[in-house]
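Undergrad: There's a structure below that I have some questions on.
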Amino acid sequence: IEGSTSESTTVEFDITPGMSSNAVSKLLEEKGIIADAADFNQYVIDSGKVNNLQVGRYKVSSGESYDSIISKLTNSRNSSGTLRNRNAK
């Protein structure tokens, strides 16, 4: 669209062991990916994915739908990091 200044920004970030969905939501808000951390966090809870967030490094773009972001964060294949086996000694 001519004259449009709206551009998508891609941000890389990490989800670390022990991070809550609330902490992830706040991180996404700080990075400018989402506008409202509380709204996104409630969406994660309502979608039933609150316990499915995967540890790893992710790339997400501003303007992505909540469903798209959640899909990335709950699928370890989308992570550019390696998940650690919690039972490893």
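Chain identifiers are assigned as A, B, and so on, following the order in which chains appear in the structure tokens; residues are numbered from 1 within each chain, and ligands are numbered from 1 in order of appearance.
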Can you tell me, as a ChimeraX atom specification, what residues are no more than 9 Å from Asn75 of chain A when counting only C-alpha atoms, ignoring any on the same chain fewer than 4 positions away?

TA: /A:52-54,70-71,79

Undergrad: Under the rule that only C-alpha atoms are counted, which of A:Ile45, A:Leu73, A:Ala35, A:Val50 is the nearest residue to Asp14 of chain A?

TA: A:Leu73

Undergrad: Find the distance between atom CA of Ser61 of chain A and atom CA of Gly48 of chain A and write it in Å to one decimal.

TA: 22.6 Å

Undergrad: May I have the residues within 12 Å of Lys49 of chain A as a PDB file with all heavy atoms, in the first residue's frame, using only C-alpha atoms and disregarding those fewer than 5 positions away in the same chain?

TA:
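Result file is selection.pdb:
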ATOM      1  N   SER A  20       6.914 -18.984  32.682  1.00  0.00           N
ATOM      2  CA  SER A  20       5.460 -19.136  32.638  1.00  0.00           C
ATOM      3  C   SER A  20       4.924 -18.514  31.349  1.00  0.00           C
ATOM      4  O   SER A  20       5.615 -17.746  30.673  1.00  0.00           O
ATOM      5  CB  SER A  20       4.836 -18.420  33.838  1.00  0.00           C
ATOM      6  OG  SER A  20       5.049 -17.017  33.723  1.00  0.00           O
ATOM      7  N   SER A  21       3.687 -18.832  31.025  1.00  0.00           N
ATOM      8  CA  SER A  21       3.072 -18.212  29.850  1.00  0.00           C
ATOM      9  C   SER A  21       2.969 -16.699  30.047  1.00  0.00           C
ATOM     10  O   SER A  21       3.104 -15.934  29.096  1.00  0.00           O
ATOM     11  CB  SER A  21       1.698 -18.812  29.574  1.00  0.00           C
ATOM     12  OG  SER A  21       0.806 -18.566  30.632  1.00  0.00           O
ATOM     13  N   PHE A  40      -2.819 -11.642  25.404  1.00  0.00           N
ATOM     14  CA  PHE A  40      -2.192 -12.802  24.785  1.00  0.00           C
ATOM     15  C   PHE A  40      -2.132 -13.971  25.767  1.00  0.00           C
ATOM     16  O   PHE A  40      -2.450 -15.107  25.419  1.00  0.00           O
ATOM     17  CB  PHE A  40      -0.789 -12.470  24.282  1.00  0.00           C
ATOM     18  CG  PHE A  40      -0.096 -13.627  23.626  1.00  0.00           C
ATOM     19  CD1 PHE A  40      -0.411 -14.003  22.334  1.00  0.00           C
ATOM     20  CD2 PHE A  40       0.868 -14.357  24.308  1.00  0.00           C
ATOM     21  CE1 PHE A  40       0.221 -15.087  21.720  1.00  0.00           C
ATOM     22  CE2 PHE A  40       1.508 -15.438  23.711  1.00  0.00           C
ATOM     23  CZ  PHE A  40       1.175 -15.803  22.406  1.00  0.00           C
ATOM     24  N   ASN A  41      -1.742 -13.688  27.010  1.00  0.00           N
ATOM     25  CA  ASN A  41      -1.653 -14.743  28.016  1.00  0.00           C
ATOM     26  C   ASN A  41      -3.008 -15.414  28.236  1.00  0.00           C
ATOM     27  O   ASN A  41      -3.105 -16.638  28.324  1.00  0.00           O
ATOM     28  CB  ASN A  41      -1.099 -14.193  29.331  1.00  0.00           C
ATOM     29  CG  ASN A  41      -0.794 -15.288  30.318  1.00  0.00           C
ATOM     30  OD1 ASN A  41      -0.092 -16.244  30.007  1.00  0.00           O
ATOM     31  ND2 ASN A  41      -1.329 -15.165  31.532  1.00  0.00           N
ATOM     32  N   GLN A  42      -4.059 -14.614  28.294  1.00  0.00           N
ATOM     33  CA  GLN A  42      -5.399 -15.182  28.470  1.00  0.00           C
ATOM     34  C   GLN A  42      -5.779 -16.028  27.262  1.00  0.00           C
ATOM     35  O   GLN A  42      -6.407 -17.077  27.407  1.00  0.00           O
ATOM     36  CB  GLN A  42      -6.439 -14.074  28.688  1.00  0.00           C
ATOM     37  CG  GLN A  42      -7.795 -14.602  29.108  1.00  0.00           C
ATOM     38  CD  GLN A  42      -7.747 -15.398  30.411  1.00  0.00           C
ATOM     39  OE1 GLN A  42      -7.211 -14.935  31.417  1.00  0.00           O
ATOM     40  NE2 GLN A  42      -8.282 -16.611  30.398  1.00  0.00           N
ATOM     41  N   TYR A  43      -5.363 -15.609  26.067  1.00  0.00           N
ATOM     42  CA  TYR A  43      -5.644 -16.382  24.854  1.00  0.00           C
ATOM     43  C   TYR A  43      -4.938 -17.730  24.911  1.00  0.00           C
ATOM     44  O   TYR A  43      -5.508 -18.755  24.537  1.00  0.00           O
ATOM     45  CB  TYR A  43      -5.214 -15.581  23.620  1.00  0.00           C
ATOM     46  CG  TYR A  43      -5.739 -16.143  22.330  1.00  0.00           C
ATOM     47  CD1 TYR A  43      -6.985 -15.762  21.848  1.00  0.00           C
ATOM     48  CD2 TYR A  43      -5.004 -17.057  21.591  1.00  0.00           C
ATOM     49  CE1 TYR A  43      -7.489 -16.277  20.667  1.00  0.00           C
ATOM     50  CE2 TYR A  43      -5.494 -17.584  20.403  1.00  0.00           C
ATOM     51  CZ  TYR A  43      -6.727 -17.190  19.946  1.00  0.00           C
ATOM     52  OH  TYR A  43      -7.226 -17.710  18.774  1.00  0.00           O
ATOM     53  N   VAL A  44      -3.687 -17.732  25.392  1.00  0.00           N
ATOM     54  CA  VAL A  44      -2.937 -18.988  25.537  1.00  0.00           C
ATOM     55  C   VAL A  44      -3.669 -19.912  26.510  1.00  0.00           C
ATOM     56  O   VAL A  44      -3.847 -21.105  26.238  1.00  0.00           O
ATOM     57  CB  VAL A  44      -1.494 -18.734  26.027  1.00  0.00           C
ATOM     58  CG1 VAL A  44      -0.778 -20.037  26.341  1.00  0.00           C
ATOM     59  CG2 VAL A  44      -0.704 -17.933  24.992  1.00  0.00           C
ATOM     60  N   GLN A  54       7.207 -24.619  24.635  1.00  0.00           N
ATOM     61  CA  GLN A  54       8.451 -25.385  24.553  1.00  0.00           C
ATOM     62  C   GLN A  54       9.672 -24.486  24.765  1.00  0.00           C
ATOM     63  O   GLN A  54       9.734 -23.381  24.229  1.00  0.00           O
ATOM     64  CB  GLN A  54       8.562 -26.048  23.175  1.00  0.00           C
ATOM     65  CG  GLN A  54       7.450 -27.014  22.865  1.00  0.00           C
ATOM     66  CD  GLN A  54       7.532 -28.275  23.708  1.00  0.00           C
ATOM     67  OE1 GLN A  54       8.591 -28.859  23.862  1.00  0.00           O
ATOM     68  NE2 GLN A  54       6.406 -28.688  24.250  1.00  0.00           N
ATOM     69  N   TYR A  66      -2.262 -14.503  16.932  1.00  0.00           N
ATOM     70  CA  TYR A  66      -1.998 -15.220  18.187  1.00  0.00           C
ATOM     71  C   TYR A  66      -1.870 -16.714  17.912  1.00  0.00           C
ATOM     72  O   TYR A  66      -0.994 -17.373  18.455  1.00  0.00           O
ATOM     73  CB  TYR A  66      -3.116 -14.976  19.198  1.00  0.00           C
ATOM     74  CG  TYR A  66      -3.092 -13.645  19.912  1.00  0.00           C
ATOM     75  CD1 TYR A  66      -2.129 -12.676  19.644  1.00  0.00           C
ATOM     76  CD2 TYR A  66      -4.036 -13.357  20.884  1.00  0.00           C
ATOM     77  CE1 TYR A  66      -2.118 -11.466  20.314  1.00  0.00           C
ATOM     78  CE2 TYR A  66      -4.036 -12.147  21.565  1.00  0.00           C
ATOM     79  CZ  TYR A  66      -3.074 -11.206  21.275  1.00  0.00           C
ATOM     80  OH  TYR A  66      -3.061 -10.021  21.958  1.00  0.00           O
ATOM     81  N   ASP A  67      -2.752 -17.250  17.062  1.00  0.00           N
ATOM     82  CA  ASP A  67      -2.710 -18.684  16.762  1.00  0.00           C
ATOM     83  C   ASP A  67      -1.376 -19.075  16.124  1.00  0.00           C
ATOM     84  O   ASP A  67      -0.824 -20.120  16.439  1.00  0.00           O
ATOM     85  CB  ASP A  67      -3.868 -19.089  15.848  1.00  0.00           C
ATOM     86  CG  ASP A  67      -5.207 -19.106  16.563  1.00  0.00           C
ATOM     87  OD1 ASP A  67      -5.232 -19.411  17.777  1.00  0.00           O
ATOM     88  OD2 ASP A  67      -6.226 -18.823  15.921  1.00  0.00           O
ATOM     89  N   ILE A  69       1.557 -17.532  16.470  1.00  0.00           N
ATOM     90  CA  ILE A  69       2.609 -17.435  17.492  1.00  0.00           C
ATOM     91  C   ILE A  69       2.539 -18.643  18.421  1.00  0.00           C
ATOM     92  O   ILE A  69       3.561 -19.283  18.696  1.00  0.00           O
ATOM     93  CB  ILE A  69       2.479 -16.117  18.294  1.00  0.00           C
ATOM     94  CG1 ILE A  69       2.730 -14.918  17.369  1.00  0.00           C
ATOM     95  CG2 ILE A  69       3.448 -16.108  19.472  1.00  0.00           C
ATOM     96  CD1 ILE A  69       2.375 -13.580  18.003  1.00  0.00           C
ATOM     97  N   ILE A  70       1.337 -18.971  18.892  1.00  0.00           N
ATOM     98  CA  ILE A  70       1.175 -20.103  19.802  1.00  0.00           C
ATOM     99  C   ILE A  70       1.609 -21.398  19.131  1.00  0.00           C
ATOM    100  O   ILE A  70       2.269 -22.233  19.748  1.00  0.00           O
ATOM    101  CB  ILE A  70      -0.289 -20.190  20.309  1.00  0.00           C
ATOM    102  CG1 ILE A  70      -0.592 -19.004  21.231  1.00  0.00           C
ATOM    103  CG2 ILE A  70      -0.529 -21.499  21.043  1.00  0.00           C
ATOM    104  CD1 ILE A  70      -2.063 -18.832  21.552  1.00  0.00           C
ATOM    105  N   SER A  71       1.268 -21.547  17.861  1.00  0.00           N
ATOM    106  CA  SER A  71       1.683 -22.745  17.124  1.00  0.00           C
ATOM    107  C   SER A  71       3.198 -22.895  17.117  1.00  0.00           C
ATOM    108  O   SER A  71       3.730 -23.984  17.319  1.00  0.00           O
ATOM    109  CB  SER A  71       1.142 -22.676  15.691  1.00  0.00           C
ATOM    110  OG  SER A  71       1.586 -23.791  14.959  1.00  0.00           O
ATOM    111  N   LYS A  72       3.898 -21.806  16.904  1.00  0.00           N
ATOM    112  CA  LYS A  72       5.367 -21.851  16.915  1.00  0.00           C
ATOM    113  C   LYS A  72       5.901 -22.208  18.296  1.00  0.00           C
ATOM    114  O   LYS A  72       6.818 -23.011  18.427  1.00  0.00           O
ATOM    115  CB  LYS A  72       5.950 -20.501  16.478  1.00  0.00           C
ATOM    116  CG  LYS A  72       5.788 -20.223  15.013  1.00  0.00           C
ATOM    117  CD  LYS A  72       6.403 -18.899  14.650  1.00  0.00           C
ATOM    118  CE  LYS A  72       6.241 -18.646  13.157  1.00  0.00           C
ATOM    119  NZ  LYS A  72       6.877 -17.391  12.753  1.00  0.00           N
ATOM    120  N   LEU A  73       5.338 -21.594  19.323  1.00  0.00           N
ATOM    121  CA  LEU A  73       5.872 -21.753  20.678  1.00  0.00           C
ATOM    122  C   LEU A  73       5.518 -23.092  21.314  1.00  0.00           C
ATOM    123  O   LEU A  73       6.085 -23.450  22.338  1.00  0.00           O
ATOM    124  CB  LEU A  73       5.372 -20.622  21.580  1.00  0.00           C
ATOM    125  CG  LEU A  73       5.692 -19.199  21.119  1.00  0.00           C
ATOM    126  CD1 LEU A  73       5.232 -18.198  22.163  1.00  0.00           C
ATOM    127  CD2 LEU A  73       7.156 -19.019  20.808  1.00  0.00           C
ATOM    128  N   THR A  74       4.599 -23.819  20.706  1.00  0.00           N
ATOM    129  CA  THR A  74       4.212 -25.116  21.260  1.00  0.00           C
ATOM    130  C   THR A  74       4.712 -26.281  20.415  1.00  0.00           C
ATOM    131  O   THR A  74       4.444 -27.436  20.735  1.00  0.00           O
ATOM    132  CB  THR A  74       2.676 -25.227  21.413  1.00  0.00           C
ATOM    133  OG1 THR A  74       2.061 -25.020  20.145  1.00  0.00           O
ATOM    134  CG2 THR A  74       2.157 -24.227  22.426  1.00  0.00           C
ATOM    135  N   ASN A  75       5.447 -25.992  19.373  1.00  0.00           N
ATOM    136  CA  ASN A  75       5.970 -27.032  18.495  1.00  0.00           C
ATOM    137  C   ASN A  75       7.487 -26.955  18.510  1.00  0.00           C
ATOM    138  O   ASN A  75       8.071 -26.031  17.955  1.00  0.00           O
ATOM    139  CB  ASN A  75       5.437 -26.834  17.069  1.00  0.00           C
ATOM    140  CG  ASN A  75       5.847 -27.947  16.140  1.00  0.00           C
ATOM    141  OD1 ASN A  75       6.787 -28.691  16.405  1.00  0.00           O
ATOM    142  ND2 ASN A  75       5.143 -28.056  15.038  1.00  0.00           N
TER     143      ASN A  75
END

Undergrad: I'd like the contact shell of Lys31 of chain A - 10 Å cut-off, only C-alpha atoms, skipping same-chain residues fewer than 3 positions apart - returned as a ChimeraX atom specification.

TA: /A:9-13,25-28,34-35,60-62

Undergrad: Restricting the calculation to only C-alpha atoms, which member of A:Ser68, A:Asp46, A:Val55, A:Gly32 is positioned closest to Met19 of chain A?

TA: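 The answer is A:Val55, which sits nearest to Met19 of chain A.
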
Undergrad: To one decimal place in Å, what is the distance between atom CA of Ala37 of chain A and atom CA of Arg57 of chain A?

TA: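 Atom CA of Arg57 of chain A lies at a distance of 19.1 Å from atom CA of Ala37 of chain A.
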
Undergrad: Running DSSP on the backbone, which parts of segment 2-87 of chain A land in alpha helix (DSSP H), as an NGL selection string?

TA: :A and (21-30 or 37-46 or 66-73)

Undergrad: Generate the output file for the selected residues, N, CA, C and O atoms, as a tab-separated table (two decimals), in the first residue's frame.

TA:
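Output below, filename selection_20.tsv:
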chain	number	residue	atom	x	y	z
A	21	SER	N	3.69	-18.83	31.03
A	21	SER	CA	3.07	-18.21	29.85
A	21	SER	C	2.97	-16.70	30.05
A	21	SER	O	3.10	-15.93	29.10
A	22	ASN	N	2.79	-16.27	31.28
A	22	ASN	CA	2.74	-14.84	31.58
A	22	ASN	C	4.08	-14.18	31.28
A	22	ASN	O	4.13	-13.10	30.69
A	23	ALA	N	5.17	-14.83	31.67
A	23	ALA	CA	6.50	-14.28	31.40
A	23	ALA	C	6.78	-14.23	29.90
A	23	ALA	O	7.34	-13.25	29.39
A	24	VAL	N	6.37	-15.25	29.18
A	24	VAL	CA	6.54	-15.28	27.72
A	24	VAL	C	5.72	-14.16	27.10
A	24	VAL	O	6.19	-13.44	26.21
A	25	SER	N	4.50	-13.98	27.57
A	25	SER	CA	3.62	-12.92	27.06
A	25	SER	C	4.24	-11.54	27.27
A	25	SER	O	4.25	-10.71	26.36
A	26	LYS	N	4.79	-11.31	28.45
A	26	LYS	CA	5.43	-10.02	28.74
A	26	LYS	C	6.65	-9.81	27.85
A	26	LYS	O	6.89	-8.70	27.37
A	27	LEU	N	7.41	-10.86	27.61
A	27	LEU	CA	8.58	-10.78	26.74
A	27	LEU	C	8.16	-10.40	25.32
A	27	LEU	O	8.76	-9.52	24.69
A	28	LEU	N	7.10	-11.03	24.82
A	28	LEU	CA	6.61	-10.71	23.47
A	28	LEU	C	6.12	-9.26	23.39
A	28	LEU	O	6.32	-8.60	22.37
A	29	GLU	N	5.51	-8.78	24.45
A	29	GLU	CA	5.06	-7.39	24.47
A	29	GLU	C	6.27	-6.45	24.48
A	29	GLU	O	6.31	-5.47	23.72
A	30	GLU	N	7.26	-6.74	25.29
A	30	GLU	CA	8.47	-5.92	25.36
A	30	GLU	C	9.19	-5.87	24.01
A	30	GLU	O	9.78	-4.85	23.64
A	37	ALA	N	0.16	-8.01	26.66
A	37	ALA	CA	0.62	-9.27	27.25
A	37	ALA	C	-0.51	-10.00	27.97
A	37	ALA	O	-0.64	-11.22	27.84
A	38	ALA	N	-1.32	-9.28	28.71
A	38	ALA	CA	-2.40	-9.91	29.47
A	38	ALA	C	-3.42	-10.56	28.52
A	38	ALA	O	-3.89	-11.67	28.77
A	39	ASP	N	-3.73	-9.89	27.43
A	39	ASP	CA	-4.66	-10.41	26.45
A	39	ASP	C	-4.10	-11.67	25.79
A	39	ASP	O	-4.80	-12.67	25.64
A	40	PHE	N	-2.82	-11.64	25.40
A	40	PHE	CA	-2.19	-12.80	24.78
A	40	PHE	C	-2.13	-13.97	25.77
A	40	PHE	O	-2.45	-15.11	25.42
A	41	ASN	N	-1.74	-13.69	27.01
A	41	ASN	CA	-1.65	-14.74	28.02
A	41	ASN	C	-3.01	-15.41	28.24
A	41	ASN	O	-3.10	-16.64	28.32
A	42	GLN	N	-4.06	-14.61	28.29
A	42	GLN	CA	-5.40	-15.18	28.47
A	42	GLN	C	-5.78	-16.03	27.26
A	42	GLN	O	-6.41	-17.08	27.41
A	43	TYR	N	-5.36	-15.61	26.07
A	43	TYR	CA	-5.64	-16.38	24.85
A	43	TYR	C	-4.94	-17.73	24.91
A	43	TYR	O	-5.51	-18.76	24.54
A	44	VAL	N	-3.69	-17.73	25.39
A	44	VAL	CA	-2.94	-18.99	25.54
A	44	VAL	C	-3.67	-19.91	26.51
A	44	VAL	O	-3.85	-21.10	26.24
A	45	ILE	N	-4.12	-19.37	27.63
A	45	ILE	CA	-4.84	-20.15	28.63
A	45	ILE	C	-6.14	-20.70	28.04
A	45	ILE	O	-6.44	-21.89	28.15
A	46	ASP	N	-6.91	-19.83	27.40
A	46	ASP	CA	-8.20	-20.23	26.83
A	46	ASP	C	-8.05	-21.27	25.72
A	46	ASP	O	-8.94	-22.09	25.51
A	66	TYR	N	-2.26	-14.50	16.93
A	66	TYR	CA	-2.00	-15.22	18.19
A	66	TYR	C	-1.87	-16.71	17.91
A	66	TYR	O	-0.99	-17.37	18.45
A	67	ASP	N	-2.75	-17.25	17.06
A	67	ASP	CA	-2.71	-18.68	16.76
A	67	ASP	C	-1.38	-19.08	16.12
A	67	ASP	O	-0.82	-20.12	16.44
A	68	SER	N	-0.87	-18.24	15.24
A	68	SER	CA	0.41	-18.52	14.58
A	68	SER	C	1.55	-18.51	15.59
A	68	SER	O	2.41	-19.40	15.58
A	69	ILE	N	1.56	-17.53	16.47
A	69	ILE	CA	2.61	-17.43	17.49
A	69	ILE	C	2.54	-18.64	18.42
A	69	ILE	O	3.56	-19.28	18.70
A	70	ILE	N	1.34	-18.97	18.89
A	70	ILE	CA	1.18	-20.10	19.80
A	70	ILE	C	1.61	-21.40	19.13
A	70	ILE	O	2.27	-22.23	19.75
A	71	SER	N	1.27	-21.55	17.86
A	71	SER	CA	1.68	-22.74	17.12
A	71	SER	C	3.20	-22.89	17.12
A	71	SER	O	3.73	-23.98	17.32
A	72	LYS	N	3.90	-21.81	16.90
A	72	LYS	CA	5.37	-21.85	16.92
A	72	LYS	C	5.90	-22.21	18.30
A	72	LYS	O	6.82	-23.01	18.43
A	73	LEU	N	5.34	-21.59	19.32
A	73	LEU	CA	5.87	-21.75	20.68
A	73	LEU	C	5.52	-23.09	21.31
A	73	LEU	O	6.08	-23.45	22.34

Undergrad: Would you mind writing down, as a list in words, each residue of segment 16-67 of chain A that DSSP on the backbone assigns to strand (DSSP E or B)?

TA: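 Here is the list: Gly56, Arg57, Tyr58, Lys59, Val60 and Ser61 of chain A.
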
Undergrad: Next, write the just-selected residues to a file, as a PDB file, in the first residue's frame, keeping N, CA, C and O atoms as the atom set.

TA:
ATOM      1  N   GLY A  56      13.232 -23.108  24.069  1.00  0.00           N
ATOM      2  CA  GLY A  56      14.003 -22.996  22.838  1.00  0.00           C
ATOM      3  C   GLY A  56      14.124 -21.566  22.366  1.00  0.00           C
ATOM      4  O   GLY A  56      13.678 -20.633  23.022  1.00  0.00           O
ATOM      5  N   ARG A  57      14.752 -21.393  21.226  1.00  0.00           N
ATOM      6  CA  ARG A  57      14.919 -20.083  20.592  1.00  0.00           C
ATOM      7  C   ARG A  57      13.952 -20.003  19.424  1.00  0.00           C
ATOM      8  O   ARG A  57      13.847 -20.934  18.635  1.00  0.00           O
ATOM      9  N   TYR A  58      13.247 -18.885  19.345  1.00  0.00           N
ATOM     10  CA  TYR A  58      12.206 -18.707  18.342  1.00  0.00           C
ATOM     11  C   TYR A  58      12.369 -17.398  17.592  1.00  0.00           C
ATOM     12  O   TYR A  58      12.919 -16.438  18.118  1.00  0.00           O
ATOM     13  N   LYS A  59      11.841 -17.384  16.367  1.00  0.00           N
ATOM     14  CA  LYS A  59      11.725 -16.165  15.575  1.00  0.00           C
ATOM     15  C   LYS A  59      10.248 -15.950  15.301  1.00  0.00           C
ATOM     16  O   LYS A  59       9.576 -16.829  14.773  1.00  0.00           O
ATOM     17  N   VAL A  60       9.760 -14.772  15.685  1.00  0.00           N
ATOM     18  CA  VAL A  60       8.356 -14.434  15.507  1.00  0.00           C
ATOM     19  C   VAL A  60       8.291 -13.029  14.927  1.00  0.00           C
ATOM     20  O   VAL A  60       9.104 -12.167  15.274  1.00  0.00           O
ATOM     21  N   SER A  61       7.326 -12.797  14.073  1.00  0.00           N
ATOM     22  CA  SER A  61       7.173 -11.486  13.445  1.00  0.00           C
ATOM     23  C   SER A  61       5.980 -10.740  14.009  1.00  0.00           C
ATOM     24  O   SER A  61       4.952 -11.345  14.323  1.00  0.00           O
TER      25      SER A  61
END
